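Okay, so here's the structure we're looking at.
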Amino acid sequence: MVDNVNSYQANVQTEGPQDFNDKQGFDIISGVELIFAKLQNNLAAENRDYARSFIDEIKAKQADQKELSDLVAALRSAIDGKTNYDDKVIIDADLADKINEWASSGKFFISSGEVIKASVDSCILSLRNIQEIIAADVHRDMCCVQDFLHKVSSYSQGAISAISKPGDTPAPVSGG
């Protein structure tokens, strides 16, 4: 009876999921290692998707920055040559509408037609402040992308390590 138990334990140990051999005698990945590798791959894919969404947000914010830059340039060209704060400046209705879309907070507004240079200067300053806020958001988002890509690399390496056996990689050669 003891021989049957020992024989059974020996069969379980050699046939168990932790140490399969295929027909050629090579090690096959155990079920736990495979599950861990799949989990690592899933985490890598999830973090890659997060990074991709942040990259899309960065592109949209950079487009907003360009639009703001174009508006500031248009306002600066409108006040070109004006030196006094009470000099009159003509603002196109389309330009005023585009600027006022950014002024949704109500902190600044510019009307079309004739306005004074001081109002245009104030509007330029407000648009530049919005640009700085967007730039800070872009910088933060880029840091998040770097973090997510680092996680992708780490999880991918974890998946590779999970399915690699110690004998799969050659030992370092020492010089002598």
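Identifiers in the structure tokens: chain A, B, ... in order shown; residue index from 1 per chain; ligand index from 1 in order shown.
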
Next on the checklist: Taking 4 positions as the minimum chain separation for residues in the same chain, which residues sit within 12 Å of Ala60 (chain A) when counting only C-alpha atoms? Answer as a ChimeraX atom specification.
Outcome noted: /A:53-56,64-67,134-135,137-138,141

Could you write out that same residue set with N, CA and C atoms as an mmCIF file, in the first residue's frame?
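The result, written out as result.cif:
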data_model
loop_
_atom_site.group_PDB
_atom_site.id
_atom_site.type_symbol
_atom_site.label_atom_id
_atom_site.label_comp_id
_atom_site.auth_asym_id
_atom_site.auth_seq_id
_atom_site.Cartn_x
_atom_site.Cartn_y
_atom_site.Cartn_z
ATOM 1 N N SER A 53 -4.787 57.130 -25.340
ATOM 2 C CA SER A 53 -5.838 58.130 -25.097
ATOM 3 C C SER A 53 -5.222 59.451 -24.640
ATOM 4 N N PHE A 54 -4.159 59.389 -23.834
ATOM 5 C CA PHE A 54 -3.490 60.618 -23.425
ATOM 6 C C PHE A 54 -2.824 61.292 -24.626
ATOM 7 N N ILE A 55 -2.263 60.507 -25.529
ATOM 8 C CA ILE A 55 -1.643 61.073 -26.726
ATOM 9 C C ILE A 55 -2.686 61.781 -27.574
ATOM 10 N N ASP A 56 -3.875 61.202 -27.690
ATOM 11 C CA ASP A 56 -4.960 61.852 -28.435
ATOM 12 C C ASP A 56 -5.350 63.176 -27.774
ATOM 13 N N ASP A 64 -5.439 73.232 -29.939
ATOM 14 C CA ASP A 64 -5.986 74.402 -29.252
ATOM 15 C C ASP A 64 -4.905 75.468 -29.056
ATOM 16 N N GLN A 65 -3.701 75.025 -28.688
ATOM 17 C CA GLN A 65 -2.607 75.984 -28.510
ATOM 18 C C GLN A 65 -2.303 76.717 -29.812
ATOM 19 N N LYS A 66 -2.327 75.990 -30.921
ATOM 20 C CA LYS A 66 -2.067 76.628 -32.215
ATOM 21 C C LYS A 66 -3.159 77.633 -32.543
ATOM 22 N N GLU A 67 -4.398 77.268 -32.276
ATOM 23 C CA GLU A 67 -5.498 78.196 -32.541
ATOM 24 C C GLU A 67 -5.348 79.466 -31.701
ATOM 25 N N ILE A 134 -2.961 75.408 -20.797
ATOM 26 C CA ILE A 134 -2.979 74.252 -21.696
ATOM 27 C C ILE A 134 -1.586 73.629 -21.774
ATOM 28 N N ALA A 135 -0.548 74.456 -21.831
ATOM 29 C CA ALA A 135 0.824 73.938 -21.885
ATOM 30 C C ALA A 135 1.144 73.116 -20.644
ATOM 31 N N ASP A 137 -1.058 71.495 -18.848
ATOM 32 C CA ASP A 137 -1.830 70.253 -19.005
ATOM 33 C C ASP A 137 -1.125 69.282 -19.959
ATOM 34 N N VAL A 138 -0.578 69.818 -21.046
ATOM 35 C CA VAL A 138 0.138 68.979 -22.014
ATOM 36 C C VAL A 138 1.362 68.355 -21.347
ATOM 37 N N ASP A 141 0.189 65.603 -19.099
ATOM 38 C CA ASP A 141 -0.243 64.462 -19.901
ATOM 39 C C ASP A 141 0.950 63.705 -20.483
#

Next on the checklist: Going by DSSP on the backbone, which residues of region 44-156 of chain A come out as alpha helix (DSSP H)? List them as a count of residues only.
Outcome noted: 85

Next on the checklist: Could you list, as a ChimeraX atom specification, every residue within 9 Å of region 91-106 of chain A, counting only C-alpha atoms and ignoring same-chain residues fewer than 5 positions away?
Outcome noted: /A:68,71,74-75,78,111-115,120,123,126-127,130

Item to check | Counting only C-alpha atoms, the residue of A:Glu46, A:Glu33, A:Asp121, A:Glu57 that sits nearest Ser77 (chain A) | outcome: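 Between A:Glu46, A:Glu33, A:Asp121, A:Glu57, the residue approaching Ser77 (chain A) most closely is A:Asp121.
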
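Using only C-alpha atoms for every distance, the candidate list A:Gln131, A:Ile124, A:Gly31, A:Thr83 yields A:Gln131 as the residue closest to Ala63 (chain A).
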
Checklist entry - Can you list, as an NGL selection string, every protein, DNA or RNA residue that comes within 8 Å of Ser156 (chain A) when you count only C-alpha atoms, leaving out same-chain residues fewer than 6 positions away? => result :A and (40-41 or 44)

Write the selection just made, keeping C-alpha atoms, as a tab-separated table (two decimals), in the first residue's frame?
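Result went into part.tsv, see below:
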chain	number	residue	atom	x	y	z
A	40	GLN	CA	1.03	40.77	-17.76
A	41	ASN	CA	0.15	41.06	-21.47
A	44	ALA	CA	0.53	46.00	-20.90

Next on the checklist: If I take CA of Cys144 (chain A) and CA of Ala51 (chain A), how far is one from the other in Å, to one decimal?
Outcome noted: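 Value for the CA of Cys144 (chain A)-CA of Ala51 (chain A) distance: 7.4 Å.
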
Checklist entry - Restricting the calculation to only C-alpha atoms, which member of A:Tyr155, A:Ala162, A:Leu125, A:Ser119 is positioned closest to Val32 (chain A)? => result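 Among A:Tyr155, A:Ala162, A:Leu125, A:Ser119, it is A:Ala162 that comes nearest to Val32 (chain A).
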
Checklist entry - Pick the closest to His139 (chain A) from A:Lys61, A:Arg52, A:Lys107, A:Arg76: which is it, counting only C-alpha atoms? => result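 Closest to His139 (chain A), using only C-alpha atoms: A:Lys61.
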
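The strand (DSSP E or B) portion of region 9-142 of chain A consists of Asn21, Asp27, Lys88, Val89, Ile90, Ile91, Gly113, Glu114, Val115 and Ile116 of chain A, with states taken from DSSP on the backbone.
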
Item to check | For CA of Lys59 (chain A) and CA of Ser153 (chain A), the interatomic separation in Å (one decimal) | outcome: 23.0 Å
